[in-house]
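Visitor: start.txt is the file, holding compact mmCIF, C-alpha atoms:
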```txt
# COMPACT_ATOMS: atom_id res chain seq x y z
CA MET A 1 31.02 14.55 10.05
CA PRO A 2 31.68 14.29 6.27
CA GLU A 3 28.63 13.23 4.25
CA GLN A 4 30.12 9.92 3.08
CA GLU A 5 31.12 8.98 6.64
CA LEU A 6 27.60 9.83 7.79
CA PHE A 7 26.18 7.48 5.17
CA ASP A 8 28.63 4.69 5.97
CA ASN A 9 28.04 4.98 9.72
CA PRO A 10 24.52 6.35 10.13
CA LYS A 11 23.54 7.82 13.45
CA ARG A 12 20.80 5.40 14.35
CA ILE A 13 17.41 6.93 14.95
CA VAL A 14 16.41 5.34 18.26
CA LYS A 15 13.25 3.35 17.59
CA ARG A 16 13.84 0.42 19.86
CA PHE A 17 10.37 -0.95 19.36
CA TYR A 18 8.57 -1.11 16.07
CA ASN A 19 5.65 0.55 17.79
CA PRO A 20 5.24 2.35 21.12
CA PRO A 21 2.49 0.96 23.37
CA GLY A 22 -0.12 3.45 22.17
CA LEU A 23 0.28 2.39 18.55
CA LEU A 24 0.30 -1.28 19.47
CA PHE A 25 -3.06 -0.76 21.14
CA ARG A 26 -4.41 1.05 18.06
CA GLN A 27 -3.26 -1.78 15.80
CA ALA A 28 -4.72 -4.46 18.04
CA PHE A 29 -7.99 -2.58 18.28
CA SER A 30 -8.17 -2.19 14.48
CA ALA A 31 -7.70 -5.93 13.98
CA PHE A 32 -10.32 -6.85 16.58
CA TYR A 33 -12.73 -4.26 15.21
CA LEU A 34 -12.30 -5.61 11.68
CA ALA A 35 -13.12 -9.08 13.02
CA TYR A 36 -16.18 -7.65 14.78
CA VAL A 37 -17.70 -5.94 11.75
CA SER A 38 -16.67 -8.52 9.13
CA GLY A 39 -17.01 -11.80 11.00
CA TRP A 40 -13.34 -12.60 10.35
CA ARG A 41 -12.77 -16.12 11.65
CA HIS A 42 -9.00 -16.35 11.41
CA LEU A 43 -7.98 -13.41 13.58
CA PRO A 44 -6.31 -15.86 16.04
CA PHE A 45 -4.10 -17.17 13.21
CA TRP A 46 -3.12 -13.60 12.34
CA LEU A 47 -2.35 -12.76 15.95
CA LEU A 48 -0.08 -15.79 16.23
CA ARG A 49 2.02 -14.28 13.45
CA LEU A 50 2.62 -10.94 15.13
CA ASN A 51 6.37 -11.40 14.73
CA LYS A 52 5.76 -10.87 11.00
CA THR A 53 2.76 -8.53 10.99
CA LEU A 54 3.89 -6.00 13.61
CA PRO A 55 7.05 -4.90 11.78
CA VAL A 56 5.11 -4.48 8.53
CA ALA A 57 2.47 -2.41 10.35
CA ALA A 58 5.07 -0.33 12.19
CA GLY A 59 3.74 3.14 12.90
CA ALA A 60 0.17 2.25 11.96
CA VAL A 61 -2.72 4.23 13.40
CA GLY A 62 -5.52 2.14 11.90
CA MET A 63 -6.62 0.56 8.62
CA GLY A 64 -6.97 2.53 5.44
CA CYS A 65 -6.43 2.67 1.72
CA ILE A 66 -2.99 1.32 0.70
CA GLY A 67 -2.56 -0.65 3.87
CA TYR A 68 -1.76 0.58 7.33
CA PRO A 69 -1.01 4.29 7.74
CA ASN A 70 1.48 5.87 8.45
CA HIS A 71 4.27 5.17 5.97
CA PRO A 72 6.19 6.59 3.02
CA VAL A 73 6.42 4.82 -0.32
CA TRP A 74 9.47 5.51 -2.47
CA GLU A 75 9.27 4.74 -6.19
CA ILE A 76 12.99 4.25 -6.53
CA THR A 77 12.98 3.71 -10.30
CA THR A 78 10.73 3.73 -13.33
CA ALA A 79 12.84 0.96 -14.85
CA CYS A 80 11.03 -2.36 -15.10
CA ASN A 81 11.50 -5.72 -16.75
CA LEU A 82 7.74 -5.92 -17.48
CA HIS A 83 5.30 -3.69 -19.35
CA CYS A 84 2.07 -4.19 -17.42
CA ARG A 85 -1.11 -2.87 -19.00
CA HIS A 86 -2.30 -1.00 -15.90
CA CYS A 87 0.96 0.40 -14.49
CA HIS A 88 0.27 3.70 -12.74
CA ALA A 89 3.96 4.58 -12.94
CA GLY A 90 4.29 3.85 -16.65
CA GLY A 91 7.24 1.60 -15.78
CA GLY A 92 9.72 0.56 -18.45
CA ARG A 93 12.80 2.66 -19.07
CA ARG A 94 14.86 4.21 -16.31
CA SER A 95 14.32 7.93 -15.76
CA PRO A 96 17.56 9.90 -16.21
CA ASP A 97 16.93 12.07 -13.14
CA GLU A 98 16.39 9.40 -10.49
CA LEU A 99 17.77 10.07 -7.03
CA THR A 100 21.31 8.74 -6.74
CA THR A 101 22.37 6.29 -4.06
CA SER A 102 23.77 9.15 -2.01
CA GLU A 103 20.59 11.22 -2.43
CA GLY A 104 18.53 8.17 -1.57
CA LYS A 105 20.42 7.64 1.67
CA ARG A 106 19.92 11.27 2.58
CA LEU A 107 16.19 10.83 1.91
CA LEU A 108 16.07 7.72 4.10
CA LEU A 109 17.88 9.60 6.87
CA GLU A 110 15.25 12.36 6.68
CA LEU A 111 12.37 9.86 6.64
CA ALA A 112 13.79 8.09 9.70
CA GLY A 113 13.78 11.39 11.52
CA ILE A 114 10.01 11.79 11.08
CA ASP A 115 8.45 10.12 14.10
CA ALA A 116 5.29 9.03 12.26
CA PHE A 117 7.33 6.86 9.88
CA ARG A 118 8.59 3.52 11.16
CA MET A 119 8.51 1.49 7.96
CA ILE A 120 9.11 2.22 4.28
CA VAL A 121 7.95 0.64 1.03
CA PHE A 122 10.34 0.51 -1.92
CA THR A 123 8.44 0.29 -5.20
CA GLY A 124 8.88 1.06 -8.90
CA GLY A 125 8.91 0.21 -11.78
CA GLU A 126 10.58 -2.88 -10.45
CA PRO A 127 12.81 -2.13 -7.43
CA LEU A 128 15.03 -5.15 -8.04
CA VAL A 129 16.32 -3.83 -11.35
CA ARG A 130 17.98 -0.99 -9.44
CA PRO A 131 21.50 -2.22 -8.57
CA ASP A 132 21.65 -0.51 -5.16
CA ILE A 133 18.33 -1.86 -3.80
CA PHE A 134 20.09 -4.16 -1.29
CA GLU A 135 22.30 -1.30 -0.11
CA LEU A 136 19.32 1.05 0.28
CA ALA A 137 17.20 -1.54 2.08
CA GLU A 138 20.02 -2.35 4.49
CA TYR A 139 20.63 1.34 5.13
CA ALA A 140 16.94 1.92 5.87
CA SER A 141 16.99 -1.01 8.28
CA ARG A 142 20.08 0.38 10.06
CA LEU A 143 18.22 3.65 10.53
CA GLY A 144 15.37 1.85 12.28
CA LEU A 145 12.94 1.84 9.35
CA VAL A 146 11.33 -1.49 8.44
CA PRO A 147 11.81 -2.13 4.68
CA VAL A 148 9.06 -3.61 2.51
CA ILE A 149 9.55 -4.22 -1.21
CA ALA A 150 6.67 -4.10 -3.71
CA THR A 151 7.68 -6.29 -6.63
CA ASN A 152 6.44 -8.29 -9.60
CA ALA A 153 8.67 -11.07 -8.14
CA THR A 154 9.97 -12.22 -11.53
CA LEU A 155 13.55 -11.63 -10.35
CA ILE A 156 13.16 -13.31 -6.96
CA ASP A 157 14.46 -16.81 -6.43
CA ARG A 158 15.41 -18.36 -3.09
CA GLN A 159 18.89 -16.87 -3.06
CA VAL A 160 17.62 -13.36 -3.82
CA ALA A 161 14.97 -13.74 -1.12
CA ARG A 162 17.59 -14.78 1.42
CA ASP A 163 19.75 -11.80 0.44
CA LEU A 164 16.80 -9.44 0.86
CA ARG A 165 16.08 -10.90 4.27
CA ARG A 166 19.70 -10.40 5.30
CA ALA A 167 19.42 -6.79 4.15
CA GLY A 168 16.59 -6.31 6.64
CA VAL A 169 13.59 -6.59 4.34
CA ALA A 170 10.62 -7.69 6.43
CA CYS A 171 7.99 -8.22 3.73
CA LEU A 172 7.58 -8.75 0.02
CA ALA A 173 4.43 -7.30 -1.58
CA ILE A 174 4.06 -9.48 -4.66
CA SER A 175 1.67 -8.67 -7.49
CA LEU A 176 -0.68 -11.41 -8.66
CA ASP A 177 -3.51 -10.23 -10.91
CA ALA A 178 -5.20 -13.54 -11.68
CA ALA A 179 -5.26 -17.17 -10.61
CA ASP A 180 -5.34 -18.09 -14.29
CA PRO A 181 -1.73 -17.99 -15.56
CA VAL A 182 -2.80 -17.00 -19.07
CA LEU A 183 -4.72 -13.96 -17.82
CA HIS A 184 -1.99 -12.87 -15.40
CA ASN A 185 0.58 -13.18 -18.18
CA PHE A 186 -1.64 -11.13 -20.50
CA ILE A 187 -2.01 -8.32 -17.95
CA ARG A 188 1.71 -8.39 -17.21
CA ASN A 189 2.75 -8.73 -20.88
CA ARG A 190 5.09 -11.67 -20.29
CA GLU A 191 4.34 -15.32 -20.95
CA ASP A 192 6.08 -16.68 -17.85
CA ALA A 193 5.10 -13.90 -15.42
CA PHE A 194 2.73 -16.11 -13.41
CA ALA A 195 5.21 -18.95 -12.93
CA LEU A 196 7.90 -16.50 -11.84
CA ALA A 197 5.54 -14.72 -9.44
CA VAL A 198 4.69 -18.05 -7.78
CA ARG A 199 8.39 -18.84 -7.54
CA GLY A 200 8.85 -15.48 -5.80
CA ILE A 201 6.00 -16.20 -3.39
CA GLU A 202 7.50 -19.55 -2.45
CA ALA A 203 10.94 -17.96 -2.05
CA CYS A 204 9.47 -15.30 0.24
CA ARG A 205 7.89 -17.95 2.45
CA ALA A 206 11.09 -20.01 2.53
CA ALA A 207 13.13 -16.95 3.57
CA GLY A 208 10.82 -16.23 6.49
CA MET A 209 9.59 -12.82 5.36
CA ALA A 210 6.00 -11.65 5.63
CA LEU A 211 4.01 -12.09 2.43
CA GLN A 212 1.63 -9.55 0.96
CA ILE A 213 -0.29 -10.20 -2.24
CA ASN A 214 -1.25 -7.21 -4.39
CA ILE A 215 -4.08 -7.46 -6.92
CA THR A 216 -5.27 -4.78 -9.34
CA ALA A 217 -8.96 -5.28 -10.07
CA MET A 218 -10.27 -4.26 -13.50
CA ALA A 219 -12.88 -5.48 -15.92
CA ASP A 220 -10.49 -8.12 -17.26
CA ASN A 221 -9.92 -9.97 -13.98
CA ARG A 222 -12.76 -9.03 -11.62
CA GLU A 223 -14.13 -12.58 -11.72
CA GLN A 224 -10.70 -13.92 -10.74
CA ILE A 225 -10.43 -12.03 -7.45
CA PRO A 226 -11.83 -14.80 -5.17
CA ALA A 227 -9.46 -17.34 -6.72
CA VAL A 228 -6.48 -15.06 -6.04
CA TYR A 229 -7.62 -14.83 -2.43
CA GLN A 230 -7.54 -18.62 -2.32
CA ILE A 231 -3.92 -18.57 -3.49
CA ALA A 232 -3.13 -16.05 -0.76
CA ASP A 233 -4.75 -18.42 1.74
CA ARG A 234 -2.79 -21.36 0.41
CA TYR A 235 0.50 -19.56 1.01
CA ARG A 236 -0.74 -18.08 4.30
CA ALA A 237 -0.15 -14.48 3.23
CA GLU A 238 -0.38 -11.97 6.05
CA VAL A 239 -1.97 -9.20 3.96
CA VAL A 240 -3.79 -8.85 0.63
CA LEU A 241 -4.19 -5.42 -0.94
CA THR A 242 -6.95 -5.28 -3.54
CA TYR A 243 -6.19 -2.30 -5.74
CA GLN A 244 -8.62 -0.94 -8.28
CA LEU A 245 -7.51 0.36 -11.63
CA VAL A 246 -7.28 4.15 -11.53
CA PRO A 247 -6.79 5.74 -14.98
CA VAL A 248 -3.35 7.27 -14.38
CA GLY A 249 0.00 6.48 -15.94
CA ARG A 250 -0.31 3.63 -18.45
CA GLY A 251 -3.60 2.78 -16.75
CA ALA A 252 -5.10 5.78 -18.52
CA GLU A 253 -4.70 3.91 -21.81
CA ILE A 254 -7.14 1.24 -20.59
CA GLY A 255 -9.44 3.55 -18.66
CA ASP A 256 -12.43 1.76 -20.13
CA ARG A 257 -11.43 -1.28 -18.01
CA GLU A 258 -11.92 0.70 -14.77
CA LEU A 259 -14.65 -0.68 -12.50
CA ASN A 260 -17.85 1.33 -12.57
CA ARG A 261 -19.98 2.16 -9.54
CA GLU A 262 -21.86 -1.14 -9.49
CA ALA A 263 -18.71 -3.15 -10.09
CA ASN A 264 -17.13 -1.28 -7.18
CA ARG A 265 -20.02 -2.37 -4.97
CA THR A 266 -19.63 -5.95 -6.13
CA LEU A 267 -15.92 -5.87 -5.35
CA MET A 268 -16.56 -4.56 -1.84
CA GLU A 269 -19.09 -7.34 -1.31
CA THR A 270 -16.52 -9.86 -2.54
CA ILE A 271 -13.85 -8.55 -0.17
CA ALA A 272 -16.25 -8.61 2.79
CA ARG A 273 -17.50 -12.11 2.00
CA SER A 274 -13.96 -13.41 1.51
CA GLN A 275 -12.61 -11.75 4.66
CA ARG A 276 -14.83 -13.91 6.85
CA ARG A 277 -12.92 -17.07 5.98
CA ALA A 278 -9.59 -15.64 4.77
CA TYR A 279 -6.33 -16.01 6.67
CA PRO A 280 -4.85 -12.62 5.69
CA VAL A 281 -6.25 -9.17 6.25
CA ILE A 282 -7.81 -8.06 2.96
CA GLU A 283 -7.77 -4.33 2.38
CA PRO A 284 -8.97 -2.25 -0.56
CA VAL A 285 -6.89 0.34 -2.39
CA ALA A 286 -8.71 3.12 -4.27
CA GLY A 287 -11.94 1.79 -2.77
CA PRO A 288 -12.36 3.45 0.63
CA GLN A 289 -16.12 2.87 0.50
CA TYR A 290 -15.32 -0.58 1.88
CA TRP A 291 -15.00 0.71 5.44
CA PRO A 292 -18.43 2.38 5.68
CA TYR A 293 -19.87 -0.57 3.75
CA LEU A 294 -18.73 -2.88 6.59
CA VAL A 295 -20.14 -0.51 9.20
CA GLU A 296 -23.51 -0.29 7.44
CA LYS A 297 -23.60 -4.05 7.01
CA LYS A 298 -23.03 -4.53 10.74
CA GLY A 299 -25.86 -2.08 11.27
CA ASN A 300 -25.60 -1.03 14.91
CA GLY A 301 -24.73 2.10 16.81
CA LEU A 302 -21.63 0.65 18.47
CA ALA A 303 -20.08 -0.18 15.09
CA ARG A 304 -20.68 3.38 13.88
CA LYS A 305 -19.34 4.94 17.06
CA LEU A 306 -16.09 2.97 17.10
CA ALA A 307 -15.37 3.02 13.36
CA PRO A 308 -13.25 6.24 13.30
CA LEU A 309 -10.86 4.72 15.83
CA ALA A 310 -10.05 1.84 13.48
CA PHE A 311 -10.81 2.85 9.90
CA LYS A 312 -9.13 5.79 8.15
CA GLY A 313 -10.38 5.45 4.58
CA CYS A 314 -8.33 7.33 2.01
CA VAL A 315 -4.93 8.10 3.54
CA ALA A 316 -3.50 10.19 0.68
CA GLY A 317 -1.39 12.85 2.34
CA THR A 318 -2.65 11.96 5.79
CA GLY A 319 -1.06 8.59 6.50
CA LEU A 320 0.83 8.19 3.24
CA CYS A 321 3.28 10.07 1.07
CA TYR A 322 4.62 8.88 -2.26
CA ILE A 323 8.10 9.87 -3.44
CA LYS A 324 8.79 9.74 -7.15
CA PRO A 325 12.17 8.72 -8.63
CA ASP A 326 13.15 12.36 -9.23
CA GLY A 327 12.30 13.38 -5.65
CA ASP A 328 8.86 14.84 -6.28
CA VAL A 329 6.52 14.11 -3.38
CA TRP A 330 2.89 13.17 -4.05
CA ALA A 331 0.14 12.32 -1.60
CA CYS A 332 -0.59 8.99 -3.31
CA PRO A 333 0.63 7.01 -6.34
CA PHE A 334 -2.69 7.76 -8.07
CA LEU A 335 -2.68 11.51 -7.37
CA PRO A 336 -0.07 13.13 -9.65
CA VAL A 337 0.04 16.47 -7.85
CA LYS A 338 3.39 17.71 -6.55
CA ALA A 339 3.59 18.71 -2.88
CA GLY A 340 7.31 19.43 -3.00
CA ASN A 341 10.65 17.91 -4.00
CA VAL A 342 13.20 16.40 -1.62
CA ARG A 343 16.05 17.90 -3.62
CA GLU A 344 14.63 21.35 -2.85
CA GLN A 345 13.10 20.99 0.62
CA PRO A 346 13.60 18.76 3.66
CA MET A 347 11.17 15.87 3.69
CA ALA A 348 9.97 16.82 7.17
CA ALA A 349 8.95 20.29 5.95
CA ILE A 350 7.01 18.84 3.02
CA TRP A 351 5.26 16.28 5.21
CA LYS A 352 4.33 18.82 7.84
CA SER A 353 3.46 21.92 5.84
CA ALA A 354 2.74 21.26 2.15
CA PRO A 355 -0.58 22.93 1.20
CA LEU A 356 -1.69 19.77 -0.63
CA PHE A 357 -1.26 17.69 2.50
CA ARG A 358 -2.96 20.29 4.68
CA GLU A 359 -6.04 20.28 2.46
CA LEU A 360 -6.25 16.49 2.46
CA ARG A 361 -5.85 16.35 6.24
CA GLU A 362 -8.81 18.68 6.71
CA ARG A 363 -11.15 16.74 4.46
CA GLU A 364 -14.16 17.25 6.71
CA LYS A 365 -13.89 20.91 5.70
CA THR A 366 -12.33 20.76 2.23
CA LEU A 367 -14.01 17.93 0.30
CA LYS A 368 -16.67 18.91 -2.20
CA GLY A 369 -19.93 17.45 -3.45
CA GLN A 370 -21.37 14.41 -1.80
CA CYS A 371 -18.01 13.38 -0.30
CA GLY A 372 -17.99 16.67 1.59
CA SER A 373 -21.45 16.21 3.07
CA CYS A 374 -21.29 12.45 3.68
CA SER A 375 -21.45 11.32 7.31
CA TYR A 376 -18.76 8.74 6.49
CA ASN A 377 -16.25 11.40 5.53
CA ARG A 378 -13.91 10.48 8.41
CA ILE A 379 -13.69 6.76 7.64
CA CYS A 380 -13.89 6.98 3.84
CA GLY A 381 -13.30 10.35 2.19
CA GLY A 382 -13.60 8.89 -1.30
CA CYS A 383 -10.67 8.05 -3.54
CA ARG A 384 -8.80 11.29 -4.12
CA GLY A 385 -6.87 9.80 -7.04
CA ARG A 386 -10.05 8.75 -8.84
CA ALA A 387 -11.68 12.10 -8.15
CA TYR A 388 -8.68 13.85 -9.71
CA ALA A 389 -8.50 11.49 -12.70
CA HIS A 390 -12.14 12.15 -13.58
CA SER A 391 -12.49 15.84 -12.71
CA GLY A 392 -9.05 17.38 -12.40
CA ASP A 393 -9.94 18.31 -8.80
CA TYR A 394 -8.56 16.14 -6.00
CA LEU A 395 -11.17 17.52 -3.60
CA ALA A 396 -14.12 16.58 -5.82
CA GLU A 397 -16.50 13.73 -5.00
CA ASP A 398 -15.50 10.19 -5.91
CA PRO A 399 -17.54 9.12 -8.98
CA SER A 400 -17.28 5.42 -8.05
CA CYS A 401 -19.10 5.76 -4.70
CA PHE A 402 -22.13 3.49 -4.37
CA LEU A 403 -23.03 4.38 -0.78
CA ARG A 404 -26.16 6.21 0.27
CA LYS A 405 -25.35 9.85 0.87
CA TYR A 406 -26.31 11.60 4.08
```
Any chance you could give the structure as structure tokens?
Guide:
Amino acid sequence: MPEQELFDNPKRIVKRFYNPPGLLFRQAFSAFYLAYVSGWRHLPFWLLRLNKTLPVAAGAVGMGCIGYPNHPVWEITTACNLHCRHCHAGGGRRSPDELTTSEGKRLLLELAGIDAFRMIVFTGGEPLVRPDIFELAEYASRLGLVPVIATNATLIDRQVARDLRRAGVACLAISLDAADPVLHNFIRNREDAFALAVRGIEACRAAGMALQINITAMADNREQIPAVYQIADRYRAEVVLTYQLVPVGRGAEIGDRELNREANRTLMETIARSQRRAYPVIEPVAGPQYWPYLVEKKGNGLARKLAPLAFKGCVAGTGLCYIKPDGDVWACPFLPVKAGNVREQPMAAIWKSAPLFRELREREKTLKGQCGSCSYNRICGGCRGRAYAHSGDYLAEDPSCFLRKY
């Protein structure tokens, strides 16, 4: 079949259910276990919204850093209409060597053929400045992948949201870095960024898509985090991802705003305290110490024994791969180490055999320092991106860890 005909009429990868029964059980167990160790009161509300949450969690094997593993994230462009202070991608101008529409469809076809992957996140830059985003999202959906778009939402009104929904997009992951409009606008370097983000949130809800709120915690906004959770509650978001600033990309220019070890502890305490009464699942990104923190707080043998079945900690290269605009494949958006390039190798070969991924998947043997000897290695593993940013070694110990070491 000629390539163009293949792209126009893709041979559907048969994934009739978002998740086979085994994965559904794992996801249900993870949610109930989170409620058990955190005291989460609104699990019933979350379960009633499974029509939204299950597609977004398609393929998940537990809870971990950057949401539910397993899934690929494709940074489809570096172009962006904002110039955020902390952007790990250094978004702004379009890179001249971005994958073309045709190359992107080939990539999606390869991703759909990897059984572990049942959903995909399109990110940037700002995905909506790429003219073919609707075409790519619809193509992914036709292949059986569930599309999620990570966006600053400044370009999303109700019509755009409806068009995204028609293209098969199941969820919008919208960035909101403060409840105070002035502070959010400062971080995002645009005076109307907050108002436009709220418009995007409301458009997402009106279109019937799942809503995820993304926050990046740093010294500037750490006191604002609980108020952002309240906004997420108000709009009944299904998921909140609480990122931490990692000094990569443009974030390296404000590395002094990165949370230190004690601030990391405080953030984990805030997440745990907020989760009890929150409607969405709140998960940390670049803070995998949260999972053993919950287990220690629960303080019983059953919690420790069951934790590895639900919590995965850092999923860089294990439940996540990150594809750059030029086709380079990383383990994580905060770990700028190339595992391969999709223009040079099939995605399945990179995912299965790249030495970087193999090392990260054997972290009980490969991690160094206190991360290597910690009894919570399996459910935490430390932030590999932060370890690399501070030491140049992605297997080094995480300098932000506040846990007791065993």
Visitor: What lies within 9 Å of range 81-93 of chain A using all atoms listed in the file, ignoring chain neighbours under 4 positions off, as a ChimeraX atom specification?
Guide: /A:75,77,124-126,129,152,154-155,186-190,193,216,218,245-255,333-334
Visitor: What lies within 9 Å of Asp180 in chain A using all atoms listed in the file, ignoring chain neighbours under 5 positions off, as a list in words?
Guide: Asn185, Phe194, Gln224, Ala227 and Val228 of chain A
Visitor: Considering all atoms listed in the file, return as a count of residues only whatever protein or nucleic-acid residues lie within 8 Å of Arg199 in chain A, sequence-local ones (same chain, fewer than 5 positions apart) excluded.
Guide: 4
Visitor: Which distance in Å separates CA of Gly385 in chain A and CA of Asp220 in chain A, to one decimal?
Guide: 20.9 Å
Visitor: Quick one, how far is CA of Cys380 in chain A from CA of Tyr293 in chain A?
Guide: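 Between these atoms lies a distance of 9.6 Å.
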Visitor: Considering only C-alpha atoms, state which residue in the set A:Gln244, A:Gln230, A:Gln27, A:Ser141 is at the smallest distance from Asn260 in chain A.
Guide: A:Gln244
Visitor: Which residue out of A:Leu34, A:Ile114, A:Leu183, A:Ala354 has the minimum interatomic distance to Gly317 in chain A when only C-alpha atoms are used?
Guide: A:Ala354
Visitor: I'd like to know which of A:Met63, A:Leu108, A:Arg257, A:His184 is closest to Tyr290 in chain A, using only C-alpha atoms.
Guide: A:Met63
Visitor: Leaving out range 338-343 of chain A and any residue of its chain fewer than 5 positions from it, which residues lie within 8 Å of it when counting only C-alpha atoms, given as a PyMOL selection string?
Guide: chain A and resi 107+327-331+350+354-357
Visitor: Between CA of Ala173 in chain A and CA of Ile201 in chain A, what is the spacing in Å?
Guide: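 Computing the Euclidean distance for CA of Ile201 in chain A and CA of Ala173 in chain A yields 9.2 Å.
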Visitor: With distances taken over all atoms listed in the file, which of A:Ile271, A:Cys204, A:Leu196, A:Ala57 is nearest to Ser38 in chain A?
Guide: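 Of A:Ile271, A:Cys204, A:Leu196, A:Ala57, the one nearest Ser38 in chain A is A:Ile271, counting all atoms listed in the file.
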Visitor: What would range 305-311 of chain A look like with all heavy atoms in place, written as a compact mmCIF listing (two decimals), keeping the file's coordinate frame?
Guide:
```txt
# COMPACT_ATOMS: atom_id res chain seq x y z
N LYS A 305 -20.04 4.11 16.09
CA LYS A 305 -19.34 4.94 17.06
C LYS A 305 -17.84 4.64 17.08
O LYS A 305 -17.01 5.55 17.21
CB LYS A 305 -19.94 4.75 18.44
CG LYS A 305 -19.35 5.66 19.51
CD LYS A 305 -20.08 5.48 20.83
CE LYS A 305 -19.52 6.42 21.90
NZ LYS A 305 -20.24 6.26 23.20
N LEU A 306 -17.49 3.37 16.98
CA LEU A 306 -16.09 2.97 17.10
C LEU A 306 -15.32 3.04 15.78
O LEU A 306 -14.09 3.04 15.80
CB LEU A 306 -16.01 1.54 17.64
CG LEU A 306 -16.53 1.33 19.07
CD1 LEU A 306 -16.43 -0.15 19.44
CD2 LEU A 306 -15.75 2.18 20.07
N ALA A 307 -16.02 3.11 14.66
CA ALA A 307 -15.37 3.02 13.36
C ALA A 307 -14.22 4.01 13.16
O ALA A 307 -13.15 3.63 12.66
CB ALA A 307 -16.40 3.19 12.25
N PRO A 308 -14.36 5.30 13.55
CA PRO A 308 -13.25 6.24 13.30
C PRO A 308 -11.97 5.91 14.05
O PRO A 308 -10.90 6.38 13.68
CB PRO A 308 -13.83 7.59 13.77
CG PRO A 308 -15.30 7.43 13.68
CD PRO A 308 -15.56 6.00 14.05
N LEU A 309 -12.07 5.11 15.10
CA LEU A 309 -10.86 4.72 15.83
C LEU A 309 -10.06 3.67 15.08
O LEU A 309 -8.85 3.52 15.32
CB LEU A 309 -11.25 4.17 17.21
CG LEU A 309 -11.99 5.14 18.13
CD1 LEU A 309 -12.37 4.42 19.43
CD2 LEU A 309 -11.14 6.37 18.42
N ALA A 310 -10.71 2.94 14.17
CA ALA A 310 -10.05 1.84 13.48
C ALA A 310 -9.84 2.09 12.00
O ALA A 310 -8.81 1.71 11.44
CB ALA A 310 -10.87 0.55 13.66
N PHE A 311 -10.82 2.70 11.35
CA PHE A 311 -10.81 2.85 9.90
C PHE A 311 -10.49 4.29 9.51
O PHE A 311 -11.10 5.22 10.03
CB PHE A 311 -12.14 2.43 9.30
CG PHE A 311 -12.49 0.98 9.50
CD1 PHE A 311 -13.81 0.55 9.43
CD2 PHE A 311 -11.52 0.03 9.74
CE1 PHE A 311 -14.15 -0.78 9.60
CE2 PHE A 311 -11.83 -1.31 9.91
CZ PHE A 311 -13.15 -1.71 9.84
```
